[in-house]
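Here is the file work_13.pdb (PDB, C-alpha atoms, pLDDT in the B column).
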ATOM      1  CA  MET A   1     110.412  98.843  36.546  1.00 79.00           C
ATOM      2  CA  PRO A   2     112.902 100.521  34.165  1.00 84.00           C
ATOM      3  CA  LEU A   3     113.554 104.260  34.170  1.00 85.00           C
ATOM      4  CA  PRO A   4     111.873 106.357  31.481  1.00 89.00           C
ATOM      5  CA  PRO A   5     114.256 107.212  28.610  1.00 86.00           C
ATOM      6  CA  ASN A   6     114.373 110.964  29.383  1.00 92.00           C
ATOM      7  CA  ALA A   7     115.108 110.365  33.066  1.00 92.00           C
ATOM      8  CA  LEU A   8     117.832 107.851  32.190  1.00 91.00           C
ATOM      9  CA  ALA A   9     119.439 110.284  29.723  1.00 93.00           C
ATOM     10  CA  GLU A  10     119.350 113.108  32.287  1.00 95.00           C
ATOM     11  CA  LEU A  11     120.900 110.829  34.929  1.00 94.00           C
ATOM     12  CA  GLN A  12     123.678 109.861  32.497  1.00 94.00           C
ATOM     13  CA  ARG A  13     124.385 113.551  31.745  1.00 96.00           C
ATOM     14  CA  ASP A  14     124.531 114.300  35.492  1.00 96.00           C
ATOM     15  CA  MET A  15     126.939 111.397  36.041  1.00 96.00           C
ATOM     16  CA  ALA A  16     129.144 112.650  33.166  1.00 97.00           C
ATOM     17  CA  ARG A  17     129.209 116.162  34.707  1.00 97.00           C
ATOM     18  CA  LEU A  18     130.077 114.693  38.110  1.00 97.00           C
ATOM     19  CA  GLY A  19     132.922 112.669  36.582  1.00 97.00           C
ATOM     20  CA  PHE A  20     134.251 115.801  34.872  1.00 97.00           C
ATOM     21  CA  VAL A  21     134.150 117.844  38.093  1.00 97.00           C
ATOM     22  CA  VAL A  22     135.840 115.061  40.073  1.00 96.00           C
ATOM     23  CA  SER A  23     138.636 114.889  37.470  1.00 97.00           C
ATOM     24  CA  GLN A  24     139.087 118.684  37.643  1.00 96.00           C
ATOM     25  CA  ILE A  25     139.331 118.544  41.439  1.00 92.00           C
ATOM     26  CA  ARG A  26     141.898 115.736  41.184  1.00 94.00           C
ATOM     27  CA  GLU A  27     143.974 117.835  38.713  1.00 95.00           C
ATOM     28  CA  ILE A  28     143.891 120.857  41.023  1.00 90.00           C
ATOM     29  CA  GLU A  29     144.962 118.778  44.018  1.00 87.00           C
ATOM     30  CA  GLU A  30     147.796 117.144  42.051  1.00 90.00           C
ATOM     31  CA  ALA A  31     149.033 120.543  40.813  1.00 88.00           C
ATOM     32  CA  ARG A  32     148.992 121.897  44.398  1.00 82.00           C
ATOM     33  CA  GLN A  33     150.898 118.869  45.657  1.00 81.00           C
ATOM     34  CA  LYS A  34     153.535 119.310  42.915  1.00 84.00           C
ATOM     35  CA  ARG A  35     153.896 123.005  43.818  1.00 79.00           C
ATOM     36  CA  LEU A  36     154.400 122.107  47.475  1.00 76.00           C
ATOM     37  CA  GLU A  37     156.961 119.424  46.633  1.00 77.00           C
ATOM     38  CA  GLN A  38     159.019 121.696  44.336  1.00 76.00           C
ATOM     39  CA  GLN A  39     159.969 124.235  47.018  1.00 68.00           C
ATOM     40  CA  PRO A  40     158.827 122.721  50.315  1.00 62.00           C
ATOM     41  CA  GLU A  41     160.869 124.924  52.646  1.00 70.00           C
ATOM     42  CA  THR A  42     160.463 128.405  51.208  1.00 65.00           C
ATOM     43  CA  GLY A  43     157.865 131.146  51.514  1.00 69.00           C
ATOM     44  CA  PRO A  44     154.209 130.235  51.520  1.00 76.00           C
ATOM     45  CA  HIS A  45     154.922 126.549  50.878  1.00 77.00           C
ATOM     46  CA  ALA A  46     156.572 126.212  54.295  1.00 81.00           C
ATOM     47  CA  MET A  47     153.544 127.906  55.898  1.00 84.00           C
ATOM     48  CA  VAL A  48     151.129 125.523  54.156  1.00 85.00           C
ATOM     49  CA  ARG A  49     153.133 122.488  55.264  1.00 84.00           C
ATOM     50  CA  LEU A  50     153.302 123.815  58.827  1.00 87.00           C
ATOM     51  CA  LEU A  51     149.552 124.493  59.010  1.00 88.00           C
ATOM     52  CA  ALA A  52     148.735 121.106  57.487  1.00 87.00           C
ATOM     53  CA  ARG A  53     150.502 119.471  60.452  1.00 89.00           C
ATOM     54  CA  ILE A  54     147.692 120.632  62.761  1.00 91.00           C
ATOM     55  CA  VAL A  55     145.161 117.835  63.203  1.00 91.00           C
ATOM     56  CA  GLY A  56     141.894 119.032  61.643  1.00 89.00           C
ATOM     57  CA  VAL A  57     143.526 121.357  59.100  1.00 90.00           C
ATOM     58  CA  GLY A  58     143.876 119.900  55.620  1.00 86.00           C
ATOM     59  CA  VAL A  59     146.121 120.979  52.777  1.00 86.00           C
ATOM     60  CA  GLU A  60     143.225 122.747  50.992  1.00 86.00           C
ATOM     61  CA  THR A  61     142.365 124.825  54.071  1.00 88.00           C
ATOM     62  CA  ALA A  62     146.025 125.559  54.806  1.00 88.00           C
ATOM     63  CA  ASP A  63     146.621 126.654  51.197  1.00 86.00           C
ATOM     64  CA  MET A  64     143.556 128.909  51.235  1.00 86.00           C
ATOM     65  CA  LEU A  65     144.566 130.475  54.561  1.00 87.00           C
ATOM     66  CA  VAL A  66     148.151 131.127  53.523  1.00 86.00           C
ATOM     67  CA  HIS A  67     147.331 132.618  50.136  1.00 83.00           C
ATOM     68  CA  GLU A  68     144.267 134.623  51.171  1.00 81.00           C
ATOM     69  CA  VAL A  69     145.071 135.729  54.727  1.00 79.00           C
ATOM     70  CA  LEU A  70     148.376 134.800  56.339  1.00 78.00           C
ATOM     71  CA  SER A  71     150.930 135.599  53.623  1.00 73.00           C
ATOM     72  CA  ARG A  72     150.510 139.356  53.954  1.00 71.00           C
ATOM     73  CA  PRO A  73     153.081 141.057  56.202  1.00 68.00           C
ATOM     74  CA  MET A  74     151.506 142.088  59.524  1.00 70.00           C
ATOM     75  CA  ARG A  75     153.167 143.528  62.626  1.00 68.00           C
ATOM     76  CA  ASP A  76     151.264 141.949  65.475  1.00 69.00           C
ATOM     77  CA  ARG A  77     148.039 140.183  66.451  1.00 65.00           C
ATOM     78  CA  ARG A  78     146.112 143.458  66.433  1.00 67.00           C
ATOM     79  CA  ALA A  79     147.164 144.057  62.841  1.00 66.00           C
ATOM     80  CA  VAL A  80     145.955 140.545  62.022  1.00 67.00           C
ATOM     81  CA  ALA A  81     142.617 141.273  63.690  1.00 66.00           C
ATOM     82  CA  ARG A  82     142.305 144.618  61.879  1.00 60.00           C
ATOM     83  CA  GLY A  83     143.470 143.377  58.485  1.00 60.00           C
ATOM     84  CA  ALA A  84     142.848 139.674  58.111  1.00 57.00           C
ATOM     85  CA  CYS A  85     139.549 139.305  59.950  1.00 56.00           C
ATOM     86  CA  PRO A  86     137.633 141.977  57.988  1.00 54.00           C
ATOM     87  CA  ARG A  87     139.215 140.758  54.748  1.00 55.00           C
ATOM     88  CA  ALA A  88     138.040 137.255  55.658  1.00 55.00           C
ATOM     89  CA  GLY A  89     134.587 138.568  56.551  1.00 52.00           C
ATOM     90  CA  LEU A  90     134.879 137.600  60.208  1.00 58.00           C
ATOM     91  CA  THR A  91     133.465 140.807  61.624  1.00 55.00           C
ATOM     92  CA  GLY A  92     130.067 141.437  63.097  1.00 54.00           C
ATOM     93  CA  ALA A  93     127.228 143.390  61.553  1.00 53.00           C
ATOM     94  CA  PRO A  94     125.937 145.650  64.325  1.00 55.00           C
ATOM     95  CA  ASP A  95     122.492 147.173  64.214  1.00 55.00           C
ATOM     96  CA  GLU A  96     122.459 150.459  66.104  1.00 57.00           C
ATOM     97  CA  SER A  97     119.114 152.066  66.613  1.00 59.00           C
ATOM     98  CA  GLY A  98     119.098 154.831  69.167  1.00 60.00           C
ATOM     99  CA  ALA A  99     120.497 153.581  72.457  1.00 62.00           C
ATOM    100  CA  ARG A 100     119.960 149.942  71.488  1.00 61.00           C
ATOM    101  CA  ARG A 101     122.779 147.973  69.865  1.00 56.00           C
ATOM    102  CA  ARG A 102     122.426 144.406  68.578  1.00 57.00           C
ATOM    103  CA  GLU A 103     124.608 142.030  66.610  1.00 54.00           C
ATOM    104  CA  GLN A 104     122.962 140.739  63.448  1.00 54.00           C
ATOM    105  CA  GLY A 105     125.525 138.069  62.652  1.00 54.00           C
ATOM    106  CA  LEU A 106     128.434 138.132  60.240  1.00 54.00           C
ATOM    107  CA  ALA A 107     129.006 141.048  57.923  1.00 58.00           C
ATOM    108  CA  ARG A 108     128.770 140.171  54.253  1.00 61.00           C
ATOM    109  CA  ALA A 109     131.914 142.151  53.505  1.00 64.00           C
ATOM    110  CA  GLY A 110     135.119 140.303  52.815  1.00 65.00           C
ATOM    111  CA  ASN A 111     135.983 137.113  51.022  1.00 72.00           C
ATOM    112  CA  ALA A 112     133.049 134.687  51.270  1.00 76.00           C
ATOM    113  CA  ARG A 113     135.236 131.668  50.500  1.00 81.00           C
ATOM    114  CA  VAL A 114     137.609 132.518  53.350  1.00 79.00           C
ATOM    115  CA  ARG A 115     134.684 133.244  55.700  1.00 79.00           C
ATOM    116  CA  ARG A 116     133.082 129.861  54.980  1.00 83.00           C
ATOM    117  CA  GLY A 117     136.439 128.132  55.268  1.00 84.00           C
ATOM    118  CA  MET A 118     137.197 129.728  58.623  1.00 83.00           C
ATOM    119  CA  VAL A 119     133.778 128.909  60.100  1.00 83.00           C
ATOM    120  CA  GLN A 120     134.175 125.311  58.905  1.00 88.00           C
ATOM    121  CA  LEU A 121     137.689 125.236  60.345  1.00 89.00           C
ATOM    122  CA  ALA A 122     136.302 126.480  63.671  1.00 88.00           C
ATOM    123  CA  TRP A 123     133.863 123.533  63.671  1.00 89.00           C
ATOM    124  CA  ARG A 124     136.628 121.082  62.787  1.00 90.00           C
ATOM    125  CA  PHE A 125     138.881 122.622  65.410  1.00 90.00           C
ATOM    126  CA  LEU A 126     136.221 122.012  68.064  1.00 89.00           C
ATOM    127  CA  LEU A 127     135.870 118.431  66.829  1.00 91.00           C
ATOM    128  CA  PHE A 128     139.550 117.461  66.533  1.00 92.00           C
ATOM    129  CA  GLN A 129     141.229 119.719  69.116  1.00 91.00           C
ATOM    130  CA  LYS A 130     138.943 119.198  72.118  1.00 91.00           C
ATOM    131  CA  GLU A 131     141.649 119.860  74.709  1.00 91.00           C
ATOM    132  CA  SER A 132     143.123 122.978  73.118  1.00 92.00           C
ATOM    133  CA  ALA A 133     142.886 126.316  74.894  1.00 90.00           C
ATOM    134  CA  LEU A 134     140.646 127.738  72.144  1.00 89.00           C
ATOM    135  CA  ALA A 135     138.190 124.815  72.324  1.00 89.00           C
ATOM    136  CA  LEU A 136     138.064 125.118  76.121  1.00 90.00           C
ATOM    137  CA  TRP A 137     137.441 128.876  75.752  1.00 87.00           C
ATOM    138  CA  TYR A 138     134.572 128.191  73.347  1.00 86.00           C
ATOM    139  CA  ARG A 139     132.959 125.648  75.678  1.00 84.00           C
ATOM    140  CA  ALA A 140     133.279 128.021  78.638  1.00 83.00           C
ATOM    141  CA  ARG A 141     131.685 130.875  76.662  1.00 79.00           C
ATOM    142  CA  THR A 142     128.755 128.752  75.484  1.00 78.00           C
ATOM    143  CA  ALA A 143     128.223 126.667  78.624  1.00 75.00           C
ATOM    144  CA  ASP A 144     125.281 128.681  79.949  1.00 66.00           C
ATOM    145  CA  SER A 145     123.388 130.095  76.989  1.00 57.00           C
ATOM    146  CA  ARG A 146     120.312 131.434  78.748  1.00 58.00           C
ATOM    147  CA  ILE A 147     118.727 134.414  77.042  1.00 56.00           C
ATOM    148  CA  GLY A 148     119.341 137.055  79.723  1.00 51.00           C
ATOM    149  CA  THR A 149     122.924 136.103  80.542  1.00 50.00           C
ATOM    150  CA  ARG A 150     125.546 138.661  79.588  1.00 49.00           C
ATOM    151  CA  LYS A 151     128.646 136.628  80.391  1.00 51.00           C
ATOM    152  CA  THR A 152     128.001 133.866  77.899  1.00 50.00           C
ATOM    153  CA  MET A 153     127.707 134.033  74.140  1.00 53.00           C
ATOM    154  CA  ILE A 154     125.277 132.552  71.688  1.00 57.00           C
ATOM    155  CA  PRO A 155     127.112 129.595  70.085  1.00 62.00           C
ATOM    156  CA  ALA A 156     126.984 131.096  66.565  1.00 64.00           C
ATOM    157  CA  PHE A 157     128.642 134.348  67.707  1.00 67.00           C
ATOM    158  CA  ALA A 158     131.130 132.411  69.814  1.00 72.00           C
ATOM    159  CA  ARG A 159     131.987 130.293  66.774  1.00 75.00           C
ATOM    160  CA  THR A 160     132.751 133.456  64.790  1.00 76.00           C
ATOM    161  CA  ALA A 161     134.824 134.759  67.687  1.00 80.00           C
ATOM    162  CA  LEU A 162     136.601 131.395  67.756  1.00 84.00           C
ATOM    163  CA  ALA A 163     137.322 131.726  64.020  1.00 83.00           C
ATOM    164  CA  ARG A 164     138.827 135.199  64.645  1.00 83.00           C
ATOM    165  CA  LYS A 165     140.946 133.894  67.523  1.00 86.00           C
ATOM    166  CA  LEU A 166     141.975 130.944  65.373  1.00 88.00           C
ATOM    167  CA  VAL A 167     143.203 133.229  62.560  1.00 85.00           C
ATOM    168  CA  ILE A 168     145.371 135.103  65.070  1.00 85.00           C
ATOM    169  CA  ALA A 169     146.684 131.877  66.648  1.00 88.00           C
ATOM    170  CA  LEU A 170     147.480 130.357  63.246  1.00 88.00           C
ATOM    171  CA  TRP A 171     149.250 133.566  62.194  1.00 84.00           C
ATOM    172  CA  ARG A 172     151.403 133.342  65.325  1.00 86.00           C
ATOM    173  CA  PHE A 173     152.097 129.687  64.605  1.00 89.00           C
ATOM    174  CA  VAL A 174     153.333 130.249  61.053  1.00 85.00           C
ATOM    175  CA  THR A 175     155.277 133.461  61.719  1.00 84.00           C
ATOM    176  CA  THR A 176     156.904 132.841  65.109  1.00 83.00           C
ATOM    177  CA  GLY A 177     156.533 129.089  65.507  1.00 83.00           C
ATOM    178  CA  GLU A 178     154.614 129.618  68.752  1.00 84.00           C
ATOM    179  CA  THR A 179     152.528 126.482  69.156  1.00 82.00           C
ATOM    180  CA  LEU A 180     148.891 126.744  70.077  1.00 83.00           C
ATOM    181  CA  GLU A 181     148.270 125.596  73.624  1.00 86.00           C
ATOM    182  CA  GLY A 182     146.921 122.035  73.772  1.00 88.00           C
ATOM    183  CA  VAL A 183     146.856 121.568  69.979  1.00 88.00           C
ATOM    184  CA  VAL A 184     147.759 118.149  68.603  1.00 86.00           C
ATOM    185  CA  LEU A 185     150.183 118.156  65.646  1.00 87.00           C
ATOM    186  CA  ARG A 186     150.846 115.424  63.110  1.00 84.00           C
ATOM    187  CA  PRO A 187     154.452 114.201  63.012  1.00 83.00           C
ATOM    188  CA  ALA A 188     156.660 116.124  60.605  1.00 73.00           C
ATOM    189  CA  GLY A 189     157.047 114.245  57.376  1.00 63.00           C
TER     190      GLY A 189
END
As a first step, turn the structure in this file into structure tokens.
Amino acid sequence: MPLPPNALAELQRDMARLGFVVSQIREIEEARQKRLEQQPETGPHAMVRLLARIVGVGVETADMLVHEVLSRPMRDRRAVARGACPRAGLTGAPDESGARRREQGLARAGNARVRRGMVQLAWRFLLFQKESALALWYRARTADSRIGTRKTMIPAFARTALARKLVIALWRFVTTGETLEGVVLRPAG
């Protein structure tokens, strides 16, 4: 049974839009690759190349992290936690009512694109870096997620905490060259 003419026309318009978007994405990726190849060892380009060596971190994520979070000068890991994490939207949204204090999830402040990227990177990090110290920390914190337990964390909050710890670890990696414990790197190339 053939498609009705209106449905076929709408499907063709959707396919044309998809083709246009795919070509735009390809152009953006090619422009980024050219930028990285022009000055591969200086400034932010070196940071992007270094981050992209970590298995589970792609060039897009590395570029976003460097330009949105890691390229700003910061003194130490506390400065990263104070500056980069709120700017990335990786802080909690507490609800304080009288003597009772609860976490309501992530605050909506900060850069939503960076927040989504960091939470996705935390998932990928758990998938590709299973033996790293951060992945082991996450599994230990979420091992016993019974309701009344204070020592463990709800997986969603632990994932946000992992994203915060990951920002700090990646900052250390690109600024001092200190490798993340147990993290697998791609060969330099």
Self-check item: Evaluate the PyMOL selection byres ((chain A and resi 51-60) around 10) and report residues as a PyMOL selection string
Solution: chain A and resi 29+32-33+36+45-50+61-66+117+121-129+170-171+173-174+179-180+183-189
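Distance-wise, CA of Ala133 in chain A and CA of Ser71 in chain A end up 24.6 Å apart.
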Evaluate the PyMOL selection byres ((chain A and resi 119) around 10) on the structure here and hand back the selected residues as a compact mmCIF listing (two decimals) with C-alpha atoms, in the coordinates of the input.
# COMPACT_ATOMS: atom_id res chain seq x y z
CA LEU A 90 134.88 137.60 60.21
CA VAL A 114 137.61 132.52 53.35
CA ARG A 115 134.68 133.24 55.70
CA ARG A 116 133.08 129.86 54.98
CA GLY A 117 136.44 128.13 55.27
CA MET A 118 137.20 129.73 58.62
CA GLN A 120 134.18 125.31 58.90
CA LEU A 121 137.69 125.24 60.34
CA ALA A 122 136.30 126.48 63.67
CA TRP A 123 133.86 123.53 63.67
CA ARG A 124 136.63 121.08 62.79
CA PHE A 125 138.88 122.62 65.41
CA ALA A 156 126.98 131.10 66.56
CA ARG A 159 131.99 130.29 66.77
CA THR A 160 132.75 133.46 64.79
CA ALA A 161 134.82 134.76 67.69
CA LEU A 162 136.60 131.40 67.76
CA ALA A 163 137.32 131.73 64.02
CA ARG A 164 138.83 135.20 64.64
CA LEU A 166 141.98 130.94 65.37
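CA of Ala16 in chain A lies 18.5 Å from CA of Pro4 in chain A.
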Practice problem: May I ask which of the residues A:Glu181, A:Met1, A:Arg113, A:Ile168 is the closest one to Leu136 in chain A, counting all atoms listed in the file? | Solution: A:Glu181
Quiz item: Which one is closest to Ala158 in chain A: A:Gly177, A:Ala135, A:Arg172, A:Asp14? Count all atoms listed in the file.
Solution: A:Ala135
